[in-house]
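Visitor: Quick one: the structure is below, and I'll ask about it shortly.
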Amino acid sequence: MPVLVLNASLQPLSVIPERRLIVLLSKQKVAFVDERARQVILDAIEARRVLTDEPVIVQLLANVRVPRMMLRPTRSNILLRDEETCQYCGKHMRELTLDHVLPRSRGGQSTWENLVACCRACNGRKGNRLPKEVGMHLIRQPHALDHEYATFFLLRYPRLREAYESFLSSAQVG
Ligand SMILES: [Zn+2]
């Protein structure tokens with residue numbers, strides 16, 4: 001069960017495994033953001049049971065300063081940013097290639113802004129041309145993943161992300 005740790009300011013900080021949560025709890029560094037979850041987890045820890053699958057969010061009691069982490073435009077990071085979706089036809093699939101929007105043969109660089117996830121069919125159709133030369137369009141403008149470390153991490157945990165977003169919206173209403 002992955003656990004999302006928020007800074008005291010509610011900024012996501014990291015996703016930690018359950019055993020790390022137990023350490024933070026014993027040092028009284030964190031509090032649960034949801035009272036019901038608190039009871040369930042504490043009971044489970046007490047009984048040494050396997051914890052629930054439900055996403056769990058805890059909050060640090062004291063704010064910590066986090067340095068920004070620069071992420072490199074590696075293949076896996078590009079696929080993660082593009083949610084494994086071809087950026088031309090919008091198909092979601094496992095088998096994706098990377099496309100240089102401005103082709104390498106024309107001086108295109110391997111940067112966050114010039115690399116997108118692309119299916120084989122679209123890659124074949126585009127070849128060494130610009131999208132507009134073959135009537136293709138990017139479904140969104142590629143940008144660097146410059147979020148804070150854990151916001152990026154949340155992409156790997158859709159259920160935690162969902163729980164975090166609904167927590168944020170309820171926090172704003174309250
Ligand atoms: Zn495609």
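Going by the structure tokens order, chains are called A, B, ..., each with residues numbered from 1, while ligands are numbered from 1 in the order shown.
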Contacts between ligand 1 and chain A, please, where a residue of chain A counts if it comes within 9 Å (with only C-alpha atoms and all ligand atoms); show its shortest atom pair and distance in Å to one decimal, rows by chain and ascending number, as CSV.

Guide:
residue,atom,partner,partner_atom_place_in_ligand_line,distance
A:Thr85,CA,ligand 1,1 (Zn),8.0
A:Cys86,CA,ligand 1,1 (Zn),4.7
A:Gln87,CA,ligand 1,1 (Zn),6.6
A:Tyr88,CA,ligand 1,1 (Zn),5.1
A:Cys89,CA,ligand 1,1 (Zn),4.1
A:Gly90,CA,ligand 1,1 (Zn),6.2
A:Lys91,CA,ligand 1,1 (Zn),5.9
A:His92,CA,ligand 1,1 (Zn),8.7
A:Leu96,CA,ligand 1,1 (Zn),8.6
A:Ala117,CA,ligand 1,1 (Zn),8.6
A:Cys118,CA,ligand 1,1 (Zn),5.5
A:Cys119,CA,ligand 1,1 (Zn),4.2
A:Arg120,CA,ligand 1,1 (Zn),6.8
A:Ala121,CA,ligand 1,1 (Zn),5.8
A:Cys122,CA,ligand 1,1 (Zn),4.3
A:Asn123,CA,ligand 1,1 (Zn),7.2

Visitor: I need the residues from that last selection saved to file as a PDB file, in the first residue's frame (with N, CA, C and O atoms), if you can.

Guide:
ATOM      1  N   THR A  85       0.360   7.661 -24.343  1.00  0.00           N
ATOM      2  CA  THR A  85      -0.620   7.987 -25.368  1.00  0.00           C
ATOM      3  C   THR A  85       0.100   8.630 -26.545  1.00  0.00           C
ATOM      4  O   THR A  85       0.889   9.562 -26.358  1.00  0.00           O
ATOM      5  N   CYS A  86      -0.173   8.132 -27.753  1.00  0.00           N
ATOM      6  CA  CYS A  86       0.411   8.725 -28.947  1.00  0.00           C
ATOM      7  C   CYS A  86      -0.039  10.186 -29.017  1.00  0.00           C
ATOM      8  O   CYS A  86      -1.235  10.470 -28.957  1.00  0.00           O
ATOM      9  N   GLN A  87       0.911  11.097 -29.145  1.00  0.00           N
ATOM     10  CA  GLN A  87       0.577  12.511 -29.109  1.00  0.00           C
ATOM     11  C   GLN A  87       0.055  13.044 -30.441  1.00  0.00           C
ATOM     12  O   GLN A  87      -0.248  14.227 -30.567  1.00  0.00           O
ATOM     13  N   TYR A  88      -0.072  12.142 -31.422  1.00  0.00           N
ATOM     14  CA  TYR A  88      -0.674  12.554 -32.697  1.00  0.00           C
ATOM     15  C   TYR A  88      -2.089  12.014 -32.858  1.00  0.00           C
ATOM     16  O   TYR A  88      -3.008  12.756 -33.165  1.00  0.00           O
ATOM     17  N   CYS A  89      -2.272  10.696 -32.613  1.00  0.00           N
ATOM     18  CA  CYS A  89      -3.608  10.136 -32.848  1.00  0.00           C
ATOM     19  C   CYS A  89      -4.363   9.896 -31.547  1.00  0.00           C
ATOM     20  O   CYS A  89      -5.548   9.555 -31.579  1.00  0.00           O
ATOM     21  N   GLY A  90      -3.693  10.053 -30.398  1.00  0.00           N
ATOM     22  CA  GLY A  90      -4.385   9.913 -29.126  1.00  0.00           C
ATOM     23  C   GLY A  90      -4.619   8.477 -28.683  1.00  0.00           C
ATOM     24  O   GLY A  90      -5.316   8.242 -27.705  1.00  0.00           O
ATOM     25  N   LYS A  91      -4.015   7.518 -29.390  1.00  0.00           N
ATOM     26  CA  LYS A  91      -4.195   6.123 -28.981  1.00  0.00           C
ATOM     27  C   LYS A  91      -3.330   5.812 -27.768  1.00  0.00           C
ATOM     28  O   LYS A  91      -2.160   6.177 -27.723  1.00  0.00           O
ATOM     29  N   HIS A  92      -3.956   5.123 -26.833  1.00  0.00           N
ATOM     30  CA  HIS A  92      -3.252   4.731 -25.621  1.00  0.00           C
ATOM     31  C   HIS A  92      -2.734   3.316 -25.825  1.00  0.00           C
ATOM     32  O   HIS A  92      -3.497   2.421 -26.138  1.00  0.00           O
ATOM     33  N   LEU A  96       4.994   2.092 -27.779  1.00  0.00           N
ATOM     34  CA  LEU A  96       5.122   3.431 -28.360  1.00  0.00           C
ATOM     35  C   LEU A  96       6.576   3.729 -28.667  1.00  0.00           C
ATOM     36  O   LEU A  96       7.484   3.204 -28.025  1.00  0.00           O
ATOM     37  N   ALA A 117       5.649  10.973 -27.203  1.00  0.00           N
ATOM     38  CA  ALA A 117       5.280   9.578 -27.413  1.00  0.00           C
ATOM     39  C   ALA A 117       4.514   9.483 -28.724  1.00  0.00           C
ATOM     40  O   ALA A 117       3.708  10.352 -29.051  1.00  0.00           O
ATOM     41  N   CYS A 118       4.784   8.417 -29.492  1.00  0.00           N
ATOM     42  CA  CYS A 118       4.221   8.330 -30.833  1.00  0.00           C
ATOM     43  C   CYS A 118       4.050   6.856 -31.196  1.00  0.00           C
ATOM     44  O   CYS A 118       4.943   6.052 -30.962  1.00  0.00           O
ATOM     45  N   CYS A 119       2.892   6.499 -31.758  1.00  0.00           N
ATOM     46  CA  CYS A 119       2.703   5.099 -32.156  1.00  0.00           C
ATOM     47  C   CYS A 119       3.472   4.854 -33.460  1.00  0.00           C
ATOM     48  O   CYS A 119       3.868   5.785 -34.146  1.00  0.00           O
ATOM     49  N   ARG A 120       3.659   3.573 -33.760  1.00  0.00           N
ATOM     50  CA  ARG A 120       4.448   3.242 -34.954  1.00  0.00           C
ATOM     51  C   ARG A 120       3.794   3.769 -36.225  1.00  0.00           C
ATOM     52  O   ARG A 120       4.477   4.247 -37.130  1.00  0.00           O
ATOM     53  N   ALA A 121       2.470   3.673 -36.276  1.00  0.00           N
ATOM     54  CA  ALA A 121       1.767   4.121 -37.486  1.00  0.00           C
ATOM     55  C   ALA A 121       2.004   5.613 -37.719  1.00  0.00           C
ATOM     56  O   ALA A 121       2.342   6.034 -38.828  1.00  0.00           O
ATOM     57  N   CYS A 122       1.835   6.407 -36.666  1.00  0.00           N
ATOM     58  CA  CYS A 122       2.035   7.853 -36.817  1.00  0.00           C
ATOM     59  C   CYS A 122       3.492   8.175 -37.103  1.00  0.00           C
ATOM     60  O   CYS A 122       3.795   9.059 -37.904  1.00  0.00           O
ATOM     61  N   ASN A 123       4.397   7.442 -36.459  1.00  0.00           N
ATOM     62  CA  ASN A 123       5.810   7.687 -36.692  1.00  0.00           C
ATOM     63  C   ASN A 123       6.166   7.411 -38.149  1.00  0.00           C
ATOM     64  O   ASN A 123       6.887   8.189 -38.788  1.00  0.00           O
TER      65      ASN A 123
END

Visitor: Taking only C-alpha atoms into account, name the residue in A:Val66, A:Val101, A:Val58, A:Ala44 that is nearest to Leu21 in chain A.

Guide: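 With only C-alpha atoms as the atom set, the closest residue is A:Val58.
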
Visitor: Would you please extract all strand (DSSP E or B) residues from chain A, as assigned by DSSP on the backbone, and give them as a short mmCIF file (atom, residue, chain, number, x, y, z; two decimals) with C-alpha atoms, in the first residue's frame?

Guide:
data_model
loop_
_atom_site.label_atom_id
_atom_site.label_comp_id
_atom_site.auth_asym_id
_atom_site.auth_seq_id
_atom_site.Cartn_x
_atom_site.Cartn_y
_atom_site.Cartn_z
CA VAL A 3 1.29 6.14 1.19
CA LEU A 4 1.34 9.72 0.00
CA VAL A 5 3.17 12.13 2.28
CA LEU A 6 2.18 15.78 2.11
CA PRO A 12 2.84 16.36 -2.12
CA LEU A 13 6.34 15.31 -1.06
CA SER A 14 6.77 11.64 -1.73
CA VAL A 15 5.18 8.25 -1.93
CA ILE A 16 6.47 5.89 0.71
CA VAL A 30 2.93 12.77 10.52
CA ALA A 31 -0.83 12.94 10.96
CA PHE A 32 -3.56 11.32 8.87
CA VAL A 56 -3.60 6.65 2.34
CA ILE A 57 -2.56 10.26 2.73
CA VAL A 58 -0.61 11.63 5.65
CA GLN A 59 0.66 15.10 6.35
CA LEU A 60 3.93 16.15 7.97
CA THR A 85 -0.62 7.99 -25.37
CA HIS A 92 -3.25 4.73 -25.62
CA THR A 97 8.13 5.02 -29.97
CA LEU A 98 9.53 8.47 -29.33
CA ASP A 99 9.18 11.05 -32.05
CA HIS A 100 11.36 14.12 -32.50
CA LEU A 115 10.17 14.62 -27.83
CA VAL A 116 6.73 13.06 -27.75
CA ALA A 117 5.28 9.58 -27.41
CA CYS A 118 4.22 8.33 -30.83
#

Visitor: Please list as a ChimeraX atom specification every residue within 12 Å of Ala163 in chain A, counting only C-alpha atoms and excluding residues in the same chain fewer than 4 positions away.

Guide: /A:2-4,12,33-34,54-58,154,157-159,167-171

Visitor: Report the residues of range 1-114 of chain A whose backbone DSSP state falls under helix (DSSP H, G or I), written as a PyMOL selection string.

Guide: chain A and resi 18-26+35-46+75-81+104-106

Visitor: Report the distance between CA of Arg104 in chain A and CA of Gln141 in chain A in Å, rounded to one decimal place.

Guide: 18.4 Å

Visitor: For each of A:Arg140, A:Arg75, A:Arg81, A:Arg65, take the minimum atom-to-atom distance to Ser9 in chain A, counting only C-alpha atoms, then give the residue where this is smallest.

Guide: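 Of the candidates, the smallest distance to Ser9 in chain A is held by A:Arg65.
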
Visitor: Neighbouring residues of Lys126 in chain A were defined as those with any atom within 9 Å, considering only C-alpha atoms; residues of the same chain fewer than 6 positions away were excluded. Please report them as a list of chain:residue names.

Guide: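 Using only C-alpha atoms, the neighbours found are A:Asp99, A:Glu133, A:Val134, A:Met136.
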
Visitor: Report the distance between CA of Trp112 in chain A and CA of Ala144 in chain A in Å, rounded to one decimal place.

Guide: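 We find that CA of Trp112 in chain A and CA of Ala144 in chain A lie 5.0 Å from each other.
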